[in-house]
file my_file26.txt (compact mmCIF, C-alpha atoms)
# COMPACT_ATOMS: atom_id res chain seq x y z
CA MET A 22 109.68 -125.54 56.31
CA GLY A 23 105.92 -124.98 56.63
CA THR A 24 103.98 -122.31 58.39
CA HIS A 25 102.53 -122.47 61.87
CA VAL A 26 100.01 -120.44 63.84
CA LEU A 27 100.85 -118.90 67.20
CA SER A 28 97.91 -117.82 69.31
CA MET A 29 98.27 -115.77 72.51
CA ARG A 30 96.02 -114.38 75.17
CA ILE A 31 97.15 -111.01 76.47
CA ASP A 32 95.42 -108.59 78.74
CA GLY A 33 94.04 -105.32 77.43
CA GLU A 34 96.74 -103.16 79.02
CA LEU A 35 99.58 -105.11 77.40
CA LEU A 36 97.80 -105.15 74.03
CA GLU A 37 97.40 -101.38 74.20
CA ARG A 38 101.12 -100.97 74.96
CA LEU A 39 101.94 -103.19 71.98
CA ARG A 40 99.61 -101.14 69.77
CA LEU A 41 101.34 -97.92 70.81
CA HIS A 42 104.82 -99.31 70.16
CA ALA A 43 103.72 -100.70 66.80
CA ALA A 44 101.99 -97.47 65.79
CA LYS A 45 105.15 -95.45 66.51
CA ARG A 46 106.88 -97.61 63.90
CA GLY A 47 103.97 -97.63 61.46
CA MET A 48 103.46 -101.36 61.94
CA SER A 49 100.64 -103.71 62.86
CA VAL A 50 100.80 -105.41 66.26
CA GLN A 51 101.45 -108.73 64.53
CA ASP A 52 104.38 -107.32 62.55
CA TYR A 53 105.79 -105.61 65.64
CA VAL A 54 105.67 -108.83 67.70
CA LEU A 55 107.22 -110.82 64.86
CA ARG A 56 110.07 -108.32 64.46
CA THR A 57 110.67 -108.46 68.21
CA LEU A 58 110.86 -112.25 68.13
CA ILE A 59 113.39 -112.34 65.29
CA ARG A 60 115.76 -109.80 66.82
CA ASP A 61 119.26 -111.15 67.27
CA ASP A 62 119.23 -110.56 71.03
CA PHE A 63 115.75 -112.00 71.66
CA ASP A 64 116.98 -115.33 73.09
CA GLU A 65 119.26 -113.57 75.56
CA ARG A 66 116.60 -111.06 76.59
CA PHE A 67 113.98 -113.81 76.95
CA LYS A 68 116.27 -115.92 79.16
CA THR A 69 117.00 -112.89 81.34
CA ALA A 70 113.28 -112.19 81.72
CA VAL A 71 112.58 -115.82 82.67
CA ASP A 72 115.45 -115.80 85.18
CA GLU A 73 114.18 -112.58 86.78
CA THR A 74 110.64 -113.95 86.96
CA GLU A 75 111.87 -117.14 88.61
CA LYS A 76 113.87 -115.08 91.15
CA PHE A 77 110.80 -112.95 91.88
CA TYR A 78 108.67 -116.01 92.59
CA GLY A 79 111.49 -117.75 94.49
CA LEU A 80 111.81 -120.61 92.04
CA THR A 81 115.60 -120.45 91.79
call {"tool": "encode", "arguments": {"input": "my_file26.txt", "output": "C-alpha cells"}}
result
Amino acid sequence: MGTHVLSMRIDGELLERLRLHAAKRGMSVQDYVLRTLIRDDFDERFKTAVDETEKFYGLT
C-alpha cells in the first residue's frame, strides 16, 4: 500500500473552526482531520450527512 495526497479547498470560516478543534487537542489541522477520517463511526456519520444534504436540496 503506497501513499496518496488528498488536497481540499475549504473556506476560511471552516478552516478556523478546524484549527480551534485541533488546538483544543494539541494537534495540527492535518492530524485532526486524519483522526476524524479514521474514526470507527466516520462512514456512518458521513452517509448521514450526505443523506441530510440531499434531503435539504430535494435530491431524494
call {"tool": "atom_distance", "arguments": {"input": "my_file26.txt", "atom1": "CA of Tyr53 in chain A", "atom2": "CA of Leu36 in chain A"}}
result
11.6 Å
call {"tool": "atom_distance", "arguments": {"input": "my_file26.txt", "atom1": "CA of Ile31 in chain A", "atom2": "CA of Val54 in chain A"}}
result
12.4 Å
call {"tool": "closest_residue", "arguments": {"input": "my_file26.txt", "among": "A:Leu55, A:Leu39, A:Leu80, A:Met48", "to": "Leu27 in chain A", "atoms": "only C-alpha atoms"}}
result
A:Leu55
call {"tool": "atom_distance", "arguments": {"input": "my_file26.txt", "atom1": "CA of Arg46 in chain A", "atom2": "CA of Ile59 in chain A"}}
result
16.2 Å
call {"tool": "decode", "arguments": {"input": "my_file26.txt", "residues": "range 26-40 of chain A", "atoms": "all heavy atoms", "output": "PDB file, in the first residue's frame"}}
result
ATOM      1  N   VAL A  26      -1.913  11.654  -1.873  1.00  0.00           N
ATOM      2  CA  VAL A  26      -2.100  13.030  -1.408  1.00  0.00           C
ATOM      3  C   VAL A  26      -3.563  13.399  -1.585  1.00  0.00           C
ATOM      4  O   VAL A  26      -4.151  13.145  -2.631  1.00  0.00           O
ATOM      5  CB  VAL A  26      -1.212  14.010  -2.211  1.00  0.00           C
ATOM      6  CG1 VAL A  26      -1.520  15.446  -1.833  1.00  0.00           C
ATOM      7  CG2 VAL A  26       0.248  13.697  -2.003  1.00  0.00           C
ATOM      8  N   LEU A  27      -4.147  13.982  -0.560  1.00  0.00           N
ATOM      9  CA  LEU A  27      -5.512  14.490  -0.617  1.00  0.00           C
ATOM     10  C   LEU A  27      -5.434  16.002  -0.473  1.00  0.00           C
ATOM     11  O   LEU A  27      -4.874  16.508   0.500  1.00  0.00           O
ATOM     12  CB  LEU A  27      -6.356  13.898   0.523  1.00  0.00           C
ATOM     13  CG  LEU A  27      -7.753  14.480   0.700  1.00  0.00           C
ATOM     14  CD1 LEU A  27      -8.614  14.164  -0.521  1.00  0.00           C
ATOM     15  CD2 LEU A  27      -8.388  13.925   1.958  1.00  0.00           C
ATOM     16  N   SER A  28      -5.976  16.700  -1.426  1.00  0.00           N
ATOM     17  CA  SER A  28      -5.974  18.156  -1.400  1.00  0.00           C
ATOM     18  C   SER A  28      -7.413  18.641  -1.329  1.00  0.00           C
ATOM     19  O   SER A  28      -8.282  18.112  -2.026  1.00  0.00           O
ATOM     20  CB  SER A  28      -5.296  18.675  -2.677  1.00  0.00           C
ATOM     21  OG  SER A  28      -5.338  20.078  -2.715  1.00  0.00           O
ATOM     22  N   MET A  29      -7.676  19.631  -0.464  1.00  0.00           N
ATOM     23  CA  MET A  29      -9.033  20.156  -0.316  1.00  0.00           C
ATOM     24  C   MET A  29      -9.017  21.674  -0.338  1.00  0.00           C
ATOM     25  O   MET A  29      -8.060  22.286   0.114  1.00  0.00           O
ATOM     26  CB  MET A  29      -9.640  19.746   1.026  1.00  0.00           C
ATOM     27  CG  MET A  29      -9.710  18.310   1.316  1.00  0.00           C
ATOM     28  SD  MET A  29     -10.656  17.994   2.822  1.00  0.00           S
ATOM     29  CE  MET A  29      -9.462  18.358   4.087  1.00  0.00           C
ATOM     30  N   ARG A  30     -10.095  22.222  -0.834  1.00  0.00           N
ATOM     31  CA  ARG A  30     -10.326  23.665  -0.704  1.00  0.00           C
ATOM     32  C   ARG A  30     -11.422  23.839   0.330  1.00  0.00           C
ATOM     33  O   ARG A  30     -12.488  23.235   0.220  1.00  0.00           O
ATOM     34  CB  ARG A  30     -10.800  24.265  -2.022  1.00  0.00           C
ATOM     35  CG  ARG A  30      -9.738  24.376  -3.043  1.00  0.00           C
ATOM     36  CD  ARG A  30     -10.324  25.028  -4.281  1.00  0.00           C
ATOM     37  NE  ARG A  30      -9.347  24.999  -5.324  1.00  0.00           N
ATOM     38  CZ  ARG A  30      -8.727  26.071  -5.789  1.00  0.00           C
ATOM     39  NH1 ARG A  30      -9.017  27.255  -5.306  1.00  0.00           N
ATOM     40  NH2 ARG A  30      -7.842  25.963  -6.736  1.00  0.00           N
ATOM     41  N   ILE A  31     -11.152  24.638   1.336  1.00  0.00           N
ATOM     42  CA  ILE A  31     -12.154  24.919   2.359  1.00  0.00           C
ATOM     43  C   ILE A  31     -12.154  26.408   2.627  1.00  0.00           C
ATOM     44  O   ILE A  31     -11.120  27.070   2.538  1.00  0.00           O
ATOM     45  CB  ILE A  31     -11.906  24.150   3.677  1.00  0.00           C
ATOM     46  CG1 ILE A  31     -10.440  23.957   3.972  1.00  0.00           C
ATOM     47  CG2 ILE A  31     -12.615  22.879   3.746  1.00  0.00           C
ATOM     48  CD1 ILE A  31     -10.175  23.197   5.241  1.00  0.00           C
ATOM     49  N   ASP A  32     -13.324  26.916   2.949  1.00  0.00           N
ATOM     50  CA  ASP A  32     -13.400  28.354   3.189  1.00  0.00           C
ATOM     51  C   ASP A  32     -12.739  28.712   4.518  1.00  0.00           C
ATOM     52  O   ASP A  32     -12.467  27.852   5.357  1.00  0.00           O
ATOM     53  CB  ASP A  32     -14.834  28.868   3.100  1.00  0.00           C
ATOM     54  CG  ASP A  32     -15.732  28.423   4.250  1.00  0.00           C
ATOM     55  OD1 ASP A  32     -15.234  27.822   5.210  1.00  0.00           O
ATOM     56  OD2 ASP A  32     -16.936  28.698   4.185  1.00  0.00           O
ATOM     57  N   GLY A  33     -12.461  29.979   4.681  1.00  0.00           N
ATOM     58  CA  GLY A  33     -11.737  30.458   5.853  1.00  0.00           C
ATOM     59  C   GLY A  33     -12.437  30.170   7.163  1.00  0.00           C
ATOM     60  O   GLY A  33     -11.793  29.837   8.164  1.00  0.00           O
ATOM     61  N   GLU A  34     -13.771  30.275   7.169  1.00  0.00           N
ATOM     62  CA  GLU A  34     -14.528  30.039   8.401  1.00  0.00           C
ATOM     63  C   GLU A  34     -14.399  28.584   8.852  1.00  0.00           C
ATOM     64  O   GLU A  34     -14.182  28.304  10.032  1.00  0.00           O
ATOM     65  CB  GLU A  34     -15.994  30.394   8.172  1.00  0.00           C
ATOM     66  CG  GLU A  34     -16.842  30.289   9.416  1.00  0.00           C
ATOM     67  CD  GLU A  34     -18.280  30.683   9.151  1.00  0.00           C
ATOM     68  OE1 GLU A  34     -18.516  31.636   8.385  1.00  0.00           O
ATOM     69  OE2 GLU A  34     -19.167  30.024   9.712  1.00  0.00           O
ATOM     70  N   LEU A  35     -14.531  27.659   7.908  1.00  0.00           N
ATOM     71  CA  LEU A  35     -14.403  26.239   8.255  1.00  0.00           C
ATOM     72  C   LEU A  35     -12.979  25.918   8.702  1.00  0.00           C
ATOM     73  O   LEU A  35     -12.780  25.192   9.680  1.00  0.00           O
ATOM     74  CB  LEU A  35     -14.787  25.349   7.072  1.00  0.00           C
ATOM     75  CG  LEU A  35     -14.648  23.843   7.290  1.00  0.00           C
ATOM     76  CD1 LEU A  35     -15.445  23.377   8.506  1.00  0.00           C
ATOM     77  CD2 LEU A  35     -15.068  23.089   6.041  1.00  0.00           C
ATOM     78  N   LEU A  36     -11.989  26.471   8.017  1.00  0.00           N
ATOM     79  CA  LEU A  36     -10.598  26.227   8.410  1.00  0.00           C
ATOM     80  C   LEU A  36     -10.342  26.734   9.826  1.00  0.00           C
ATOM     81  O   LEU A  36      -9.689  26.057  10.618  1.00  0.00           O
ATOM     82  CB  LEU A  36      -9.633  26.887   7.425  1.00  0.00           C
ATOM     83  CG  LEU A  36      -8.150  26.685   7.719  1.00  0.00           C
ATOM     84  CD1 LEU A  36      -7.796  25.205   7.785  1.00  0.00           C
ATOM     85  CD2 LEU A  36      -7.305  27.397   6.683  1.00  0.00           C
ATOM     86  N   GLU A  37     -10.892  27.875  10.157  1.00  0.00           N
ATOM     87  CA  GLU A  37     -10.711  28.414  11.512  1.00  0.00           C
ATOM     88  C   GLU A  37     -11.354  27.495  12.549  1.00  0.00           C
ATOM     89  O   GLU A  37     -10.786  27.254  13.617  1.00  0.00           O
ATOM     90  CB  GLU A  37     -11.282  29.823  11.619  1.00  0.00           C
ATOM     91  CG  GLU A  37     -10.994  30.503  12.934  1.00  0.00           C
ATOM     92  CD  GLU A  37      -9.505  30.579  13.266  1.00  0.00           C
ATOM     93  OE1 GLU A  37      -8.666  30.679  12.352  1.00  0.00           O
ATOM     94  OE2 GLU A  37      -9.166  30.537  14.471  1.00  0.00           O
ATOM     95  N   ARG A  38     -12.540  26.972  12.238  1.00  0.00           N
ATOM     96  CA  ARG A  38     -13.197  26.025  13.156  1.00  0.00           C
ATOM     97  C   ARG A  38     -12.345  24.779  13.335  1.00  0.00           C
ATOM     98  O   ARG A  38     -12.198  24.273  14.452  1.00  0.00           O
ATOM     99  CB  ARG A  38     -14.578  25.661  12.640  1.00  0.00           C
ATOM    100  CG  ARG A  38     -15.575  26.806  12.788  1.00  0.00           C
ATOM    101  CD  ARG A  38     -16.922  26.492  12.186  1.00  0.00           C
ATOM    102  NE  ARG A  38     -17.458  25.238  12.659  1.00  0.00           N
ATOM    103  CZ  ARG A  38     -18.324  24.499  11.965  1.00  0.00           C
ATOM    104  NH1 ARG A  38     -18.726  24.890  10.778  1.00  0.00           N
ATOM    105  NH2 ARG A  38     -18.785  23.375  12.463  1.00  0.00           N
ATOM    106  N   LEU A  39     -11.774  24.278  12.236  1.00  0.00           N
ATOM    107  CA  LEU A  39     -10.895  23.108  12.328  1.00  0.00           C
ATOM    108  C   LEU A  39      -9.666  23.418  13.166  1.00  0.00           C
ATOM    109  O   LEU A  39      -9.230  22.597  13.976  1.00  0.00           O
ATOM    110  CB  LEU A  39     -10.474  22.642  10.932  1.00  0.00           C
ATOM    111  CG  LEU A  39     -11.547  21.947  10.104  1.00  0.00           C
ATOM    112  CD1 LEU A  39     -11.077  21.769   8.670  1.00  0.00           C
ATOM    113  CD2 LEU A  39     -11.927  20.617  10.724  1.00  0.00           C
ATOM    114  N   ARG A  40      -9.101  24.603  12.988  1.00  0.00           N
ATOM    115  CA  ARG A  40      -7.931  24.998  13.783  1.00  0.00           C
ATOM    116  C   ARG A  40      -8.253  25.019  15.269  1.00  0.00           C
ATOM    117  O   ARG A  40      -7.459  24.566  16.099  1.00  0.00           O
ATOM    118  CB  ARG A  40      -7.444  26.386  13.352  1.00  0.00           C
ATOM    119  CG  ARG A  40      -6.643  26.377  12.100  1.00  0.00           C
ATOM    120  CD  ARG A  40      -6.054  27.765  11.827  1.00  0.00           C
ATOM    121  NE  ARG A  40      -5.321  27.740  10.588  1.00  0.00           N
ATOM    122  CZ  ARG A  40      -5.478  28.614   9.609  1.00  0.00           C
ATOM    123  NH1 ARG A  40      -6.322  29.619   9.738  1.00  0.00           N
ATOM    124  NH2 ARG A  40      -4.774  28.524   8.511  1.00  0.00           N
TER     125      ARG A  40
END
